[in-house]
Number of protein chains: 2
Amino acid sequence: MHDQQPLGGSAAALPVLAVVGVGLIGGSFAAALRQAGAVSRVLGAGRNRKSLHQALELGLIDAEASLTEVAEQADIILLSVPVGATEAVLETLRPGLRPGALITDVGSTKVNVVQAARAALGDRVAQFVPGHPIAGAETTGPASATPQLYTGRTVILTPLDENSAQDRLRITRLWEVCGARVLVMEPGMHDTVLASVSHLPHFLSSVYMWQVASAGNSDLRMELAGSGFRDFTRIAAGSPEMWRDIFLANRDAVLSELAEVRKALDQAEQALLAGDTQQLHDFLERAALARRFWGSRSGLK
Amino acid sequence: MHDQQPLGGSAAALPVLAVVGVGLIGGSFAAALRQAGAVSRVLGAGRNRKSLHQALELGLIDAEASLTEVAEQADIILLSVPVGATEAVLETLRPGLRPGALITDVGSTKVNVVQAARAALGDRVAQFVPGHPIAGAETTGPASATPQLYTGRTVILTPLDENSAQDRLRITRLWEVCGARVLVMEPGMHDTVLASVSHLPHFLSSVYMWQVASAGNSDLRMELAGSGFRDFTRIAAGSPEMWRDIFLANRDAVLSELAEVRKALDQAEQALLAGDTQQLHDFLERAALARRFWGSRSGLK
């Protein structure tokens with residue numbers, strides 16, 4: 001059956017995978033493909049020496065490699081680096097990049113990653129298929145990597161016009177082998193939707209947490225905070241560096257979605273100010289029903 | 001030892017407890033006091049016939065009673081009713097209220113409950129000691145009641161000037177028997193702090209959820225929502241009726257705290273608009289450190 005061919009396509013040998021940035025995300029990708037027997041050899045690259053050593057010890061990668069070695073040896077290259085580092089990494093990979101090799105990434109913003117790829121790769125940009133797995137965990141680093149991380153999760157690809165249908169399919173198949181479902185969309189739509197459902201919650205949760213922590217009687221406030229506070233602020237504990245970079249990378253979409261949330265906030269505040277019982281009830285009910293419906297379907301309840 | 005005396009004080013008999021509104025909160029109070037052997041008999045009253053029958057079957061109460069019977073028979077009366085119903089219930093209890101009886105409540109706002117108590121009880125207001133246990137669960141109803149609900153939790157009392165030291169102590173001891181820690185504060189301070197750490201998170205979470213659900217492509221948004229969205233919006237699934245009443249009951253404090261959150265939001269938005277990397281990082285770091293510290297101490301991680 002065609003579907004049972006090696007993932008490298010018509011070539012007999014399984015492809016060599018390189019992961020640049022071997023943490024939870026990159027390490028889990030390598031672990032899933034290795035478990036499925038879909039890669040012959042895994043190279044690990046990146047600036048974090050400790051993570052690389054750990055990934056080697058854990059058997060997530062077979063060898064450490066420089067970016068130059070990655071370009072020369074790998075058939076598939078996964079970039080799992082901060083989106084701000086994408087352009088520099090691609091520039092280093094470009095000169096030695098094998099003609100049939102494909103690069104994909106896991107960056108949480110896509111418009112700026114596509115811009116970076118065009119700037120860095122020029123006429124070889126067709127070898128880059130942008131992606132973003134909607135997966136993560138409360139832990140980080142190679143020790144948290146697991147072949148199951150992507151099982152049942154969604155991966156968004158935002159392919160370029162330059163990508164061939166065959167190359168899009170190759171990347172799609174790799175994620176499917178990891179157990180994920182692949183959705184294709186435009187980079188701009190990706191960034192808007194992610195601004196709405198991922199970046200805004202983090203921004204609002206952090207702003208709120210900052211305000212409570214800055215209040216004169218913050219100790220008393222936090223002493224009386226309960227389980228609602230716990231859930232609402234959990235994401236505010238995330239990495240300040242990572243989220244600063246995400247907000248800056250997706251600034252236009254975040255500001256635009258924030259403006260929409262502000263409009264809703266204005267309406268709800270007016271209803272409360274006016275003591276408009278019916279309007280208050282209606283917006284709370286709409287929110288509650290939507291959240292309950294989502295919870296019953298998302299598998300993330 | 002003095003501490004080992006029956007909770008009714010110098011009287012030899014254990015007191016009769018009446019719970020008006022036998023759901024999770026009232027039922028758990030009864031269950032905890034009964035388990036501790038601190039009450040002789042428990043009466044249940046309220047408008048929800050089904051809950052009363054269930055409470056009787058579960059053994060949370062010994063008998064159903066009218067409010068008139070409660071007034072005539074109970075030594076301790078716990079009101080676990082919507083705060084908007086407090087005045088009417090107290091008015092009904094007042095004529096037959098036994099001279100030594102004490103009433104307390106569990107309402108999540110206190111300024112308006114104190115006003116209601118003064119209006120309803122008049123010169124007998126000294127028999128009302130306002131309270132608010134900071135406890136709850138994702139379930140409701142008498143079937144969810146458990147003697148452990150208050151173990152390690154905080155109960156706020158906002159006593160009136162009219163309450164005797166002895167009566168404050170009686171209510172304090174009852175909550176301590178339930179395993180709770182009692183804090184005393186002014187009603188206004190209670191309402192401000194609760195607006196900040198309980199009502200605002202719910203308001204913001206619901207406004208955000210409403211905005212996402214109202215967007216043109218809400219299906220796509222919710223399909224791509226992950227674990228951050230899940231945590232941030234969990235409280236938005238709560239009862240619209242209950243939260244509408246809480247927001248209206250604590251309107252001034254909620255609006256005032258919302259204005260403070262808006263100031264913080266303005267600052268964070270300006271930092272993002274200006275691409276001010278340092279300021280963005282600083283507010284995110286302050287939020288993350290405060291949240292991590294809270295998580296490590298709250299026992300609610």
# chains A, B, ... in the order shown; residues from 1 in each chain; ligands from 1
>>> closest_atom_pairs(of="chain B", to="chain A", cutoff="6 Å", atoms="only C-alpha atoms", output="CSV")
residue,atom,partner,partner_atom,distance
B:Val193,CA,A:Arg221,CA,5.6
B:Val197,CA,A:Ala225,CA,5.3
B:Ser206,CA,A:Ala287,CA,5.5
B:Val207,CA,A:Leu265,CA,6.0
B:Met209,CA,A:Ala287,CA,5.2
B:Trp210,CA,A:Ala287,CA,4.6
B:Arg221,CA,A:Val193,CA,5.6
B:Ala225,CA,A:Val197,CA,5.3
B:Asp231,CA,A:Asp231,CA,5.1
B:Phe232,CA,A:Phe232,CA,4.4
B:Ala236,CA,A:Ala288,CA,5.4
B:Ala237,CA,A:Ala288,CA,4.0
B:Pro240,CA,A:Leu284,CA,5.1
B:Arg244,CA,A:His281,CA,5.8
B:Leu265,CA,A:Val207,CA,6.0
B:His281,CA,A:Arg244,CA,5.8
B:Leu284,CA,A:Pro240,CA,5.1
B:Glu285,CA,A:Pro240,CA,5.2
B:Ala287,CA,A:Trp210,CA,4.6
B:Ala288,CA,A:Ala237,CA,4.0
B:Arg291,CA,A:Ala237,CA,5.4
B:Arg292,CA,A:Ala237,CA,5.7
>>> write_last_selection(atoms="N, CA and C atoms", output="mmCIF file, in the first residue's frame")
data_model
loop_
_atom_site.group_PDB
_atom_site.id
_atom_site.type_symbol
_atom_site.label_atom_id
_atom_site.label_comp_id
_atom_site.auth_asym_id
_atom_site.auth_seq_id
_atom_site.Cartn_x
_atom_site.Cartn_y
_atom_site.Cartn_z
ATOM 1 N N VAL B 193 -11.614 42.779 49.076
ATOM 2 C CA VAL B 193 -10.662 41.692 48.833
ATOM 3 C C VAL B 193 -11.314 40.574 48.018
ATOM 4 N N VAL B 197 -10.046 38.966 44.468
ATOM 5 C CA VAL B 197 -9.507 37.615 44.238
ATOM 6 C C VAL B 197 -10.559 36.580 43.845
ATOM 7 N N SER B 206 -15.439 35.350 32.257
ATOM 8 C CA SER B 206 -16.719 35.276 31.548
ATOM 9 C C SER B 206 -16.774 36.253 30.377
ATOM 10 N N VAL B 207 -16.242 37.469 30.586
ATOM 11 C CA VAL B 207 -16.207 38.445 29.487
ATOM 12 C C VAL B 207 -15.379 37.892 28.332
ATOM 13 N N MET B 209 -14.644 34.708 27.665
ATOM 14 C CA MET B 209 -15.317 33.548 27.064
ATOM 15 C C MET B 209 -16.456 34.007 26.163
ATOM 16 N N TRP B 210 -17.181 35.012 26.602
ATOM 17 C CA TRP B 210 -18.288 35.576 25.819
ATOM 18 C C TRP B 210 -17.765 36.148 24.503
ATOM 19 N N ARG B 221 -11.790 28.888 16.577
ATOM 20 C CA ARG B 221 -11.061 29.311 17.771
ATOM 21 C C ARG B 221 -11.101 28.231 18.852
ATOM 22 N N ALA B 225 -8.206 25.820 20.882
ATOM 23 C CA ALA B 225 -7.947 26.206 22.271
ATOM 24 C C ALA B 225 -7.310 25.049 23.027
ATOM 25 N N ASP B 231 -7.813 26.332 31.572
ATOM 26 C CA ASP B 231 -7.682 26.800 32.959
ATOM 27 C C ASP B 231 -8.267 28.199 33.128
ATOM 28 N N PHE B 232 -7.961 29.077 32.178
ATOM 29 C CA PHE B 232 -8.366 30.483 32.272
ATOM 30 C C PHE B 232 -9.877 30.643 32.244
ATOM 31 N N ALA B 236 -15.696 30.351 34.145
ATOM 32 C CA ALA B 236 -16.773 30.952 33.345
ATOM 33 C C ALA B 236 -17.952 29.996 33.171
ATOM 34 N N ALA B 237 -17.746 28.704 33.462
ATOM 35 C CA ALA B 237 -18.831 27.726 33.338
ATOM 36 C C ALA B 237 -19.796 27.768 34.520
ATOM 37 N N PRO B 240 -24.782 31.204 36.022
ATOM 38 C CA PRO B 240 -25.029 32.608 35.653
ATOM 39 C C PRO B 240 -25.868 33.339 36.703
ATOM 40 N N ARG B 244 -24.381 36.505 38.653
ATOM 41 C CA ARG B 244 -25.091 37.769 38.433
ATOM 42 C C ARG B 244 -25.428 38.396 39.785
ATOM 43 N N LEU B 265 -3.970 46.981 32.818
ATOM 44 C CA LEU B 265 -4.114 46.555 31.420
ATOM 45 C C LEU B 265 -3.641 47.661 30.472
ATOM 46 N N HIS B 281 8.705 42.404 29.908
ATOM 47 C CA HIS B 281 9.346 41.350 30.689
ATOM 48 C C HIS B 281 9.124 41.570 32.184
ATOM 49 N N LEU B 284 5.546 40.696 33.288
ATOM 50 C CA LEU B 284 5.333 39.243 33.202
ATOM 51 C C LEU B 284 6.101 38.511 34.299
ATOM 52 N N GLU B 285 7.301 38.999 34.578
ATOM 53 C CA GLU B 285 8.109 38.348 35.616
ATOM 54 C C GLU B 285 7.508 38.567 36.994
ATOM 55 N N ALA B 287 4.399 39.027 37.667
ATOM 56 C CA ALA B 287 3.215 38.159 37.743
ATOM 57 C C ALA B 287 3.622 36.703 37.962
ATOM 58 N N ALA B 288 4.616 36.242 37.221
ATOM 59 C CA ALA B 288 5.021 34.830 37.303
ATOM 60 C C ALA B 288 5.576 34.505 38.687
ATOM 61 N N ARG B 291 2.736 34.467 41.238
ATOM 62 C CA ARG B 291 1.886 33.282 41.096
ATOM 63 C C ARG B 291 2.595 32.024 41.583
ATOM 64 N N ARG B 292 3.891 31.912 41.270
ATOM 65 C CA ARG B 292 4.631 30.720 41.714
ATOM 66 C C ARG B 292 4.739 30.694 43.238
#
>>> select_by_dssp(residues="range 60-262 of chain B", states="strand (DSSP E)", output="list in words")
Ala63, Glu64, Ile76, Ile77, Leu78, Leu79, Leu102, Ile103, Thr104, Asp105, Phe128, Val129, Gly131, His132, Pro133, Ile134, Thr154, Val155, Ile156, Leu157, Arg181, Val182, Leu183 and Val184 of chain B
>>> closest_atom_pairs(of="range 144-172 of chain A", to="range 111-125 of chain A", cutoff="12 Å", atoms="only C-alpha atoms", output="CSV")
residue,atom,partner,partner_atom,distance
A:Leu157,CA,A:Val114,CA,11.5
A:Thr158,CA,A:Val114,CA,8.9
A:Pro159,CA,A:Val114,CA,9.2
A:Leu160,CA,A:Val114,CA,8.1
A:Asp161,CA,A:Val125,CA,9.9
A:Glu162,CA,A:Val125,CA,7.2
A:Asn163,CA,A:Val125,CA,8.1
A:Ser164,CA,A:Val125,CA,11.1
>>> select_by_dssp(residues="range 148-241 of chain A", states="alpha helix (DSSP H)", output="PyMOL selection string")
chain A and resi 165-177+187-194+200-214+218-223+227-233+240-241
>>> decode(residues="range 29-146 of chain B", atoms="C-alpha atoms", output="PDB file, in the first residue's frame")
ATOM      1  CA  PHE B  29     -21.392  22.491  57.965  1.00  0.00           C
ATOM      2  CA  ALA B  30     -24.045  20.199  59.445  1.00  0.00           C
ATOM      3  CA  ALA B  31     -22.046  17.064  58.597  1.00  0.00           C
ATOM      4  CA  ALA B  32     -18.853  18.412  60.177  1.00  0.00           C
ATOM      5  CA  LEU B  33     -20.579  19.490  63.407  1.00  0.00           C
ATOM      6  CA  ARG B  34     -22.471  16.235  63.636  1.00  0.00           C
ATOM      7  CA  GLN B  35     -19.290  14.203  63.079  1.00  0.00           C
ATOM      8  CA  ALA B  36     -17.590  16.182  65.844  1.00  0.00           C
ATOM      9  CA  GLY B  37     -20.512  15.524  68.185  1.00  0.00           C
ATOM     10  CA  ALA B  38     -21.040  19.258  68.512  1.00  0.00           C
ATOM     11  CA  VAL B  39     -24.799  19.330  67.848  1.00  0.00           C
ATOM     12  CA  SER B  40     -27.663  17.302  69.244  1.00  0.00           C
ATOM     13  CA  ARG B  41     -30.144  17.700  66.417  1.00  0.00           C
ATOM     14  CA  VAL B  42     -30.104  19.255  62.962  1.00  0.00           C
ATOM     15  CA  LEU B  43     -33.117  20.885  61.335  1.00  0.00           C
ATOM     16  CA  GLY B  44     -33.214  21.660  57.622  1.00  0.00           C
ATOM     17  CA  ALA B  45     -35.248  24.428  56.032  1.00  0.00           C
ATOM     18  CA  GLY B  46     -35.390  26.037  52.618  1.00  0.00           C
ATOM     19  CA  ARG B  47     -37.366  26.431  49.436  1.00  0.00           C
ATOM     20  CA  ASN B  48     -35.763  23.519  47.575  1.00  0.00           C
ATOM     21  CA  ARG B  49     -37.945  20.526  48.546  1.00  0.00           C
ATOM     22  CA  LYS B  50     -35.802  18.092  46.624  1.00  0.00           C
ATOM     23  CA  SER B  51     -32.630  19.154  48.455  1.00  0.00           C
ATOM     24  CA  LEU B  52     -34.395  18.850  51.803  1.00  0.00           C
ATOM     25  CA  HIS B  53     -35.624  15.328  51.048  1.00  0.00           C
ATOM     26  CA  GLN B  54     -32.173  14.348  49.858  1.00  0.00           C
ATOM     27  CA  ALA B  55     -30.519  15.842  52.961  1.00  0.00           C
ATOM     28  CA  LEU B  56     -32.904  13.892  55.146  1.00  0.00           C
ATOM     29  CA  GLU B  57     -32.190  10.644  53.285  1.00  0.00           C
ATOM     30  CA  LEU B  58     -28.450  11.267  53.539  1.00  0.00           C
ATOM     31  CA  GLY B  59     -28.736  11.882  57.267  1.00  0.00           C
ATOM     32  CA  LEU B  60     -27.408  15.435  57.005  1.00  0.00           C
ATOM     33  CA  ILE B  61     -30.516  16.671  58.821  1.00  0.00           C
ATOM     34  CA  ASP B  62     -32.819  14.983  61.335  1.00  0.00           C
ATOM     35  CA  ALA B  63     -35.998  16.734  60.233  1.00  0.00           C
ATOM     36  CA  GLU B  64     -37.408  19.274  57.834  1.00  0.00           C
ATOM     37  CA  ALA B  65     -38.710  22.449  59.422  1.00  0.00           C
ATOM     38  CA  SER B  66     -40.420  25.694  58.497  1.00  0.00           C
ATOM     39  CA  LEU B  67     -38.639  28.985  59.190  1.00  0.00           C
ATOM     40  CA  THR B  68     -41.058  29.555  62.072  1.00  0.00           C
ATOM     41  CA  GLU B  69     -40.125  26.190  63.590  1.00  0.00           C
ATOM     42  CA  VAL B  70     -36.445  26.973  63.046  1.00  0.00           C
ATOM     43  CA  ALA B  71     -36.814  30.254  64.953  1.00  0.00           C
ATOM     44  CA  GLU B  72     -38.577  28.539  67.821  1.00  0.00           C
ATOM     45  CA  GLN B  73     -36.336  25.473  68.170  1.00  0.00           C
ATOM     46  CA  ALA B  74     -32.792  26.276  67.034  1.00  0.00           C
ATOM     47  CA  ASP B  75     -29.865  27.524  69.110  1.00  0.00           C
ATOM     48  CA  ILE B  76     -27.673  28.081  66.065  1.00  0.00           C
ATOM     49  CA  ILE B  77     -29.030  28.972  62.632  1.00  0.00           C
ATOM     50  CA  LEU B  78     -26.840  28.894  59.528  1.00  0.00           C
ATOM     51  CA  LEU B  79     -28.202  30.772  56.512  1.00  0.00           C
ATOM     52  CA  SER B  80     -26.950  29.313  53.255  1.00  0.00           C
ATOM     53  CA  VAL B  81     -29.215  31.163  50.857  1.00  0.00           C
ATOM     54  CA  PRO B  82     -28.562  33.622  48.008  1.00  0.00           C
ATOM     55  CA  VAL B  83     -27.481  36.913  49.591  1.00  0.00           C
ATOM     56  CA  GLY B  84     -30.467  38.604  47.976  1.00  0.00           C
ATOM     57  CA  ALA B  85     -32.782  36.388  50.048  1.00  0.00           C
ATOM     58  CA  THR B  86     -31.120  37.192  53.401  1.00  0.00           C
ATOM     59  CA  GLU B  87     -33.433  40.043  54.413  1.00  0.00           C
ATOM     60  CA  ALA B  88     -36.643  38.123  53.718  1.00  0.00           C
ATOM     61  CA  VAL B  89     -35.454  35.023  55.590  1.00  0.00           C
ATOM     62  CA  LEU B  90     -34.334  37.070  58.603  1.00  0.00           C
ATOM     63  CA  GLU B  91     -37.659  38.924  58.659  1.00  0.00           C
ATOM     64  CA  THR B  92     -39.473  35.608  58.822  1.00  0.00           C
ATOM     65  CA  LEU B  93     -37.182  34.295  61.576  1.00  0.00           C
ATOM     66  CA  ARG B  94     -37.290  37.413  63.760  1.00  0.00           C
ATOM     67  CA  PRO B  95     -40.710  37.205  65.525  1.00  0.00           C
ATOM     68  CA  GLY B  96     -40.178  33.739  67.025  1.00  0.00           C
ATOM     69  CA  LEU B  97     -36.384  33.868  67.449  1.00  0.00           C
ATOM     70  CA  ARG B  98     -35.226  32.408  70.774  1.00  0.00           C
ATOM     71  CA  PRO B  99     -33.410  34.981  72.948  1.00  0.00           C
ATOM     72  CA  GLY B 100     -30.132  33.034  73.201  1.00  0.00           C
ATOM     73  CA  ALA B 101     -30.104  31.878  69.579  1.00  0.00           C
ATOM     74  CA  LEU B 102     -27.399  32.969  67.141  1.00  0.00           C
ATOM     75  CA  ILE B 103     -27.702  33.322  63.385  1.00  0.00           C
ATOM     76  CA  THR B 104     -24.742  33.311  61.043  1.00  0.00           C
ATOM     77  CA  ASP B 105     -24.502  33.164  57.252  1.00  0.00           C
ATOM     78  CA  VAL B 106     -22.193  32.110  54.424  1.00  0.00           C
ATOM     79  CA  GLY B 107     -22.919  34.911  51.943  1.00  0.00           C
ATOM     80  CA  SER B 108     -20.073  35.874  49.616  1.00  0.00           C
ATOM     81  CA  THR B 109     -20.685  39.617  50.127  1.00  0.00           C
ATOM     82  CA  LYS B 110     -20.941  41.202  53.547  1.00  0.00           C
ATOM     83  CA  VAL B 111     -21.766  44.938  53.358  1.00  0.00           C
ATOM     84  CA  ASN B 112     -25.183  44.245  51.869  1.00  0.00           C
ATOM     85  CA  VAL B 113     -25.804  41.284  54.186  1.00  0.00           C
ATOM     86  CA  VAL B 114     -25.095  43.489  57.206  1.00  0.00           C
ATOM     87  CA  GLN B 115     -27.516  46.103  55.839  1.00  0.00           C
ATOM     88  CA  ALA B 116     -30.139  43.418  55.281  1.00  0.00           C
ATOM     89  CA  ALA B 117     -29.639  42.070  58.798  1.00  0.00           C
ATOM     90  CA  ARG B 118     -30.033  45.514  60.374  1.00  0.00           C
ATOM     91  CA  ALA B 119     -33.168  46.173  58.349  1.00  0.00           C
ATOM     92  CA  ALA B 120     -34.727  42.779  59.120  1.00  0.00           C
ATOM     93  CA  LEU B 121     -33.674  42.189  62.726  1.00  0.00           C
ATOM     94  CA  GLY B 122     -33.729  45.733  64.140  1.00  0.00           C
ATOM     95  CA  ASP B 123     -32.974  45.633  67.867  1.00  0.00           C
ATOM     96  CA  ARG B 124     -32.237  41.904  67.682  1.00  0.00           C
ATOM     97  CA  VAL B 125     -29.372  42.363  65.199  1.00  0.00           C
ATOM     98  CA  ALA B 126     -26.868  41.436  67.952  1.00  0.00           C
ATOM     99  CA  GLN B 127     -28.015  37.840  67.385  1.00  0.00           C
ATOM    100  CA  PHE B 128     -26.577  37.862  63.851  1.00  0.00           C
ATOM    101  CA  VAL B 129     -22.839  37.231  63.329  1.00  0.00           C
ATOM    102  CA  PRO B 130     -22.014  37.563  59.584  1.00  0.00           C
ATOM    103  CA  GLY B 131     -19.601  35.078  58.040  1.00  0.00           C
ATOM    104  CA  HIS B 132     -18.181  33.739  54.790  1.00  0.00           C
ATOM    105  CA  PRO B 133     -16.346  30.413  54.414  1.00  0.00           C
ATOM    106  CA  ILE B 134     -13.819  30.511  51.554  1.00  0.00           C
ATOM    107  CA  ALA B 135     -14.621  27.044  50.354  1.00  0.00           C
ATOM    108  CA  GLY B 136     -16.559  25.430  47.607  1.00  0.00           C
ATOM    109  CA  ALA B 137     -16.240  22.756  45.033  1.00  0.00           C
ATOM    110  CA  GLU B 138     -17.132  22.127  41.434  1.00  0.00           C
ATOM    111  CA  THR B 139     -20.169  20.214  42.586  1.00  0.00           C
ATOM    112  CA  THR B 140     -23.321  21.448  44.325  1.00  0.00           C
ATOM    113  CA  GLY B 141     -26.214  20.009  46.296  1.00  0.00           C
ATOM    114  CA  PRO B 142     -26.529  17.957  49.489  1.00  0.00           C
ATOM    115  CA  ALA B 143     -25.103  14.815  47.835  1.00  0.00           C
ATOM    116  CA  SER B 144     -21.753  16.661  47.554  1.00  0.00           C
ATOM    117  CA  ALA B 145     -21.720  17.657  51.226  1.00  0.00           C
ATOM    118  CA  THR B 146     -18.823  16.294  53.265  1.00  0.00           C
TER     119      THR B 146
END
